[in-house]
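Asker: My structure file final_12.txt, compact mmCIF, C-alpha atoms and all ligand atoms, is below:
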```txt
# COMPACT_ATOMS: atom_id res chain seq x y z
CA MET A 1 -14.84 -7.33 9.05
CA HIS A 2 -14.61 -5.17 12.13
CA PRO A 3 -14.28 -1.52 11.06
CA ASP A 4 -11.32 -0.99 13.36
CA HIS A 5 -9.41 -3.74 11.62
CA ILE A 6 -9.36 -2.36 8.10
CA GLN A 7 -6.02 -3.05 6.51
CA ALA A 8 -5.05 0.39 5.24
CA GLY A 9 -2.41 -1.21 3.05
CA GLU A 10 -5.17 -2.81 1.00
CA LEU A 11 -6.47 0.65 0.11
CA LEU A 12 -3.23 1.70 -1.56
CA ALA A 13 -2.77 1.47 -5.31
CA VAL A 14 0.27 -0.60 -6.20
CA PRO A 15 2.36 -0.90 -9.37
CA ARG A 16 1.45 -3.52 -11.94
CA PRO A 17 3.12 -6.83 -11.06
CA ASP A 18 4.74 -7.02 -14.46
CA ARG A 19 6.43 -3.66 -13.87
CA VAL A 20 8.28 -4.65 -10.72
CA ARG A 21 11.00 -7.11 -9.81
CA PRO A 22 10.23 -10.77 -9.06
CA GLU A 23 11.19 -10.21 -5.41
CA GLN A 24 8.59 -7.45 -5.26
CA THR A 25 5.82 -9.58 -6.69
CA ASP A 26 6.80 -12.30 -4.21
CA GLY A 27 6.41 -9.89 -1.32
CA THR A 28 9.99 -10.42 -0.17
CA MET A 29 10.90 -6.85 -1.13
CA CYS A 30 8.93 -3.62 -0.75
CA VAL A 31 6.87 -3.15 -3.91
CA TRP A 32 8.07 0.49 -4.19
CA CYS A 33 11.72 0.22 -3.16
CA ASP A 34 14.33 -2.37 -2.19
CA GLN A 35 13.75 -2.40 1.56
CA PRO A 36 12.45 -5.37 3.56
CA PRO A 37 8.65 -5.11 3.67
CA THR A 38 6.68 -4.97 6.92
CA VAL A 39 3.27 -3.76 5.72
CA ASP A 40 0.81 -6.16 4.14
CA LEU A 41 -0.89 -4.68 1.09
CA GLY A 42 -3.39 -7.51 0.70
CA VAL A 43 -3.95 -9.95 -2.12
CA ARG A 44 -4.35 -8.22 -5.48
CA LEU A 45 -5.73 -9.27 -8.80
CA SER A 46 -4.01 -7.83 -11.82
CA THR A 47 -4.21 -8.49 -15.49
CA SER A 48 -0.86 -9.60 -16.72
CA SER A 49 0.91 -8.77 -19.94
CA GLY A 50 3.78 -11.02 -18.95
CA PRO A 51 4.21 -14.72 -19.75
CA HIS A 52 0.43 -15.24 -19.66
CA PRO A 53 -1.06 -12.19 -21.33
CA GLY A 54 -4.71 -11.52 -20.68
CA GLY A 55 -4.87 -13.74 -17.64
CA LEU A 56 -5.78 -12.59 -14.19
CA ARG A 57 -2.90 -12.85 -11.81
CA ARG A 58 -3.20 -13.10 -8.08
CA TRP A 59 -0.32 -11.66 -6.12
CA HIS A 60 0.48 -10.41 -2.67
CA PRO A 61 2.51 -7.20 -2.59
CA ARG A 62 4.05 -5.90 0.62
CA ALA A 63 5.70 -2.60 1.47
CA CYS A 64 8.19 -1.13 3.88
CA GLN A 65 6.78 1.19 6.52
CA ALA A 66 8.27 4.31 4.95
CA CYS A 67 6.71 3.75 1.53
CA ALA A 68 3.39 2.56 2.94
CA GLY A 69 3.20 5.63 5.16
CA ARG A 70 4.00 7.97 2.29
CA TYR A 71 1.36 6.47 0.01
CA ALA A 72 -1.16 6.23 2.83
CA ALA A 73 -0.77 9.97 3.44
CA GLU A 74 -1.43 10.64 -0.25
CA VAL A 75 -4.47 8.39 -0.40
CA PHE A 76 -5.77 9.86 2.86
CA ALA A 77 -5.45 13.42 1.52
CA SER A 78 -7.40 12.64 -1.65
CA HIS A 79 -9.87 10.37 0.13
CA ILE A 80 -11.12 12.99 2.58
CA THR A 81 -11.86 15.43 -0.24
CA ARG A 82 -14.05 12.87 -2.06
CA CYS A 83 -15.61 10.78 0.71
CA HIS A 84 -19.07 11.92 1.79
CA ALA A 85 -18.85 10.11 5.11
CA CYS A 86 -15.66 11.98 5.91
CA GLN A 87 -17.43 15.35 5.62
CA ARG A 88 -18.97 14.66 9.02
CA GLN A 89 -16.43 12.42 10.68
CA HIS A 90 -13.51 10.44 9.31
CA CYS A 91 -14.77 7.06 8.16
CA PRO A 92 -12.97 3.78 9.06
CA ASP A 93 -11.02 3.84 5.79
CA ALA A 94 -9.78 7.35 6.51
CA ARG A 95 -8.82 6.48 10.06
CA ALA A 96 -6.93 3.39 8.92
CA LEU A 97 -5.06 5.37 6.25
CA TYR A 98 -4.19 8.10 8.71
CA ALA A 99 -2.93 5.61 11.28
CA LEU A 100 -0.71 4.00 8.65
CA SER A 101 0.59 7.37 7.46
CA ILE A 102 1.64 8.49 10.92
CA ALA A 103 3.08 5.10 11.85
CA SER A 104 6.00 5.75 9.52
CA ARG A 105 6.75 9.16 11.00
CA SER A 106 7.74 7.61 14.30
CA ARG A 107 10.57 5.79 12.55
CA PRO A 108 12.71 8.54 11.02
CA GLU A 109 15.75 6.22 10.99
CA THR A 110 14.27 4.37 8.01
CA ARG A 111 16.45 5.44 5.13
CA ARG A 112 16.69 4.43 1.55
CA PRO A 113 20.21 3.64 0.41
CA GLY A 114 21.45 5.62 -2.54
CA ARG A 115 22.09 3.87 -5.79
ZN ZN B 201 9.61 0.83 0.40
ZN ZN B 202 -14.06 8.46 4.20
```
Show me the file's structure as structure tokens.

Answerer:
Amino acid sequence: MHPDHIQAGELLAVPRPDRVRPEQTDGTMCVWCDQPPTVDLGVRLSTSSGPHPGGLRRWHPRACQACAGRYAAEVFASHITRCHACQRQHCPDARALYALSIASRSRPETRRPGR
């Protein structure tokens, strides 16, 4: 994989698939909220305690830009304190996370509806 094409979304920790709504495990709804997703979080493997306990489940979560950016900023902040490569210069992972975190800031109109 080319280092400039790291999918930062794949570096984000996501909820367990059995803790979210079916639409969120399908990737038709942001895995963290109820907005339409635009950011691919990659294919995940999770153990399931649902209908098939103990089995490995493959799923494909997606996120809206606002949530992905917020989590990317968190992961970026903790990453650069632990990553040895980042002590000298931000590594490709760090750059990808940072790019994702600032991408959401350019869209302040993204709002979550109240419940
Ligand atoms: Zn969201
Ligand atoms: Zn790093």

Asker: Hey, can you check how far atom CA of A:Cys33 sits from atom CA of A:Cys67?

Answerer: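 According to the coordinates, atom CA of A:Cys33 and atom CA of A:Cys67 are separated by 7.7 Å.
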
Asker: So that I can check the surroundings of A:Phe76, please list as a PDB file with C-alpha atoms, in the frame of the given file every protein, DNA and RNA residue that reaches within 10 Å of it, counting only C-alpha atoms and ignoring chain neighbours fewer than 5 positions away.

Answerer:
```
ATOM      1  CA  ALA A   8      -5.050   0.390   5.240  1.00  0.00           C
ATOM      2  CA  LEU A  11      -6.470   0.650   0.110  1.00  0.00           C
ATOM      3  CA  LEU A  12      -3.230   1.700  -1.560  1.00  0.00           C
ATOM      4  CA  ARG A  70       4.000   7.970   2.290  1.00  0.00           C
ATOM      5  CA  TYR A  71       1.360   6.470   0.010  1.00  0.00           C
ATOM      6  CA  THR A  81     -11.860  15.430  -0.240  1.00  0.00           C
ATOM      7  CA  ASP A  93     -11.020   3.840   5.790  1.00  0.00           C
ATOM      8  CA  ALA A  94      -9.780   7.350   6.510  1.00  0.00           C
ATOM      9  CA  ARG A  95      -8.820   6.480  10.060  1.00  0.00           C
ATOM     10  CA  ALA A  96      -6.930   3.390   8.920  1.00  0.00           C
ATOM     11  CA  LEU A  97      -5.060   5.370   6.250  1.00  0.00           C
ATOM     12  CA  TYR A  98      -4.190   8.100   8.710  1.00  0.00           C
ATOM     13  CA  ALA A  99      -2.930   5.610  11.280  1.00  0.00           C
ATOM     14  CA  LEU A 100      -0.710   4.000   8.650  1.00  0.00           C
ATOM     15  CA  SER A 101       0.590   7.370   7.460  1.00  0.00           C
TER      16      SER A 101
END
```

Asker: Which residues of chain A come within 8 Å of ligand ZN 202 (chain B), and what is each one's closest atom pair and distance in Å (one decimal), counting all atoms listed in the file, sorted by chain and residue number, as a Markdown table?

Answerer:
```
| residue | atom | partner | partner_atom | distance |
| --- | --- | --- | --- | --- |
| A:His79 | CA | B:ZN202 | ZN | 6.1 |
| A:Ile80 | CA | B:ZN202 | ZN | 5.6 |
| A:Arg82 | CA | B:ZN202 | ZN | 7.7 |
| A:Cys83 | CA | B:ZN202 | ZN | 4.5 |
| A:His84 | CA | B:ZN202 | ZN | 6.5 |
| A:Ala85 | CA | B:ZN202 | ZN | 5.1 |
| A:Cys86 | CA | B:ZN202 | ZN | 4.2 |
| A:Gln87 | CA | B:ZN202 | ZN | 7.8 |
| A:Gln89 | CA | B:ZN202 | ZN | 8.0 |
| A:His90 | CA | B:ZN202 | ZN | 5.5 |
| A:Cys91 | CA | B:ZN202 | ZN | 4.3 |
| A:Pro92 | CA | B:ZN202 | ZN | 6.8 |
| A:Asp93 | CA | B:ZN202 | ZN | 5.8 |
| A:Ala94 | CA | B:ZN202 | ZN | 5.0 |
```

Asker: Return as a list in words every polymer residue, whether protein, DNA or RNA, with at least one atom no more than 7 Å from an atom of ligand ZN 201 (chain B); count all atoms listed in the file.

Answerer: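 Taking all atoms listed in the file into account, the residues around ligand ZN 201 (chain B) at most 7 Å away are Cys30, Val31, Trp32, Cys33, Asp34, Gln35, Pro37, Ala63, Cys64, Gln65, Ala66, Cys67 and Ala68 of chain A.
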
Asker: As an exercise, work out the distance from atom CA of A:Ser78 to atom CA of A:Asp18 in Å and give it to one decimal place.

Answerer: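 Separation between atom CA of A:Ser78 and atom CA of A:Asp18: 26.4 Å.
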
Asker: Could you tell me how far atom CA of A:Glu23 sits from atom CA of A:Gly9, in Å to one decimal place?

Answerer: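 Distance between the two atoms: 18.4 Å.
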
Asker: For A:Pro17, please output as JSON, numbers by chain all residues within 9 Å (counting only C-alpha atoms; exclusion window: fewer than 3 positions along the same chain).

Answerer: {"A": [14, 20, 21, 22, 24, 25, 31, 46, 47, 48, 50, 57, 59, 61]}

Asker: Next, write the just-selected residues to a file, as a PDB file, in the frame of the given file, keeping C-alpha atoms as the atom set.

Answerer:
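Saved result, again-v3.pdb, follows:
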```pdb
ATOM      1  CA  VAL A  14       0.270  -0.600  -6.200  1.00  0.00           C
ATOM      2  CA  VAL A  20       8.280  -4.650 -10.720  1.00  0.00           C
ATOM      3  CA  ARG A  21      11.000  -7.110  -9.810  1.00  0.00           C
ATOM      4  CA  PRO A  22      10.230 -10.770  -9.060  1.00  0.00           C
ATOM      5  CA  GLN A  24       8.590  -7.450  -5.260  1.00  0.00           C
ATOM      6  CA  THR A  25       5.820  -9.580  -6.690  1.00  0.00           C
ATOM      7  CA  VAL A  31       6.870  -3.150  -3.910  1.00  0.00           C
ATOM      8  CA  SER A  46      -4.010  -7.830 -11.820  1.00  0.00           C
ATOM      9  CA  THR A  47      -4.210  -8.490 -15.490  1.00  0.00           C
ATOM     10  CA  SER A  48      -0.860  -9.600 -16.720  1.00  0.00           C
ATOM     11  CA  GLY A  50       3.780 -11.020 -18.950  1.00  0.00           C
ATOM     12  CA  ARG A  57      -2.900 -12.850 -11.810  1.00  0.00           C
ATOM     13  CA  TRP A  59      -0.320 -11.660  -6.120  1.00  0.00           C
ATOM     14  CA  PRO A  61       2.510  -7.200  -2.590  1.00  0.00           C
TER      15      PRO A  61
END
```

Asker: Given the choices A:Gly69, A:His5, A:Glu10, A:Arg16, which gets closest to A:Val43 if the distance is worked out from all atoms listed in the file?

Answerer: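 The answer is A:Glu10, which sits nearest to A:Val43.
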
Asker: Ranking A:Pro36, A:Gln7, A:Ala77, A:Asp26 by minimum distance to A:His60 and counting only C-alpha atoms, which one comes first?

Answerer: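 Ranked by minimum distance to A:His60, first place goes to A:Asp26.
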
Asker: Using only C-alpha atoms, find the one residue out of A:Val39, A:Leu45, A:Ala13, A:Gly55 that sits nearest to A:Ala103.

Answerer: A:Val39

Asker: My list of candidates is A:Ile6, A:Ala73, A:Ile102, A:Leu56. Which is closest to A:Asp40 when distances are computed with all atoms listed in the file?

Answerer: A:Ile6
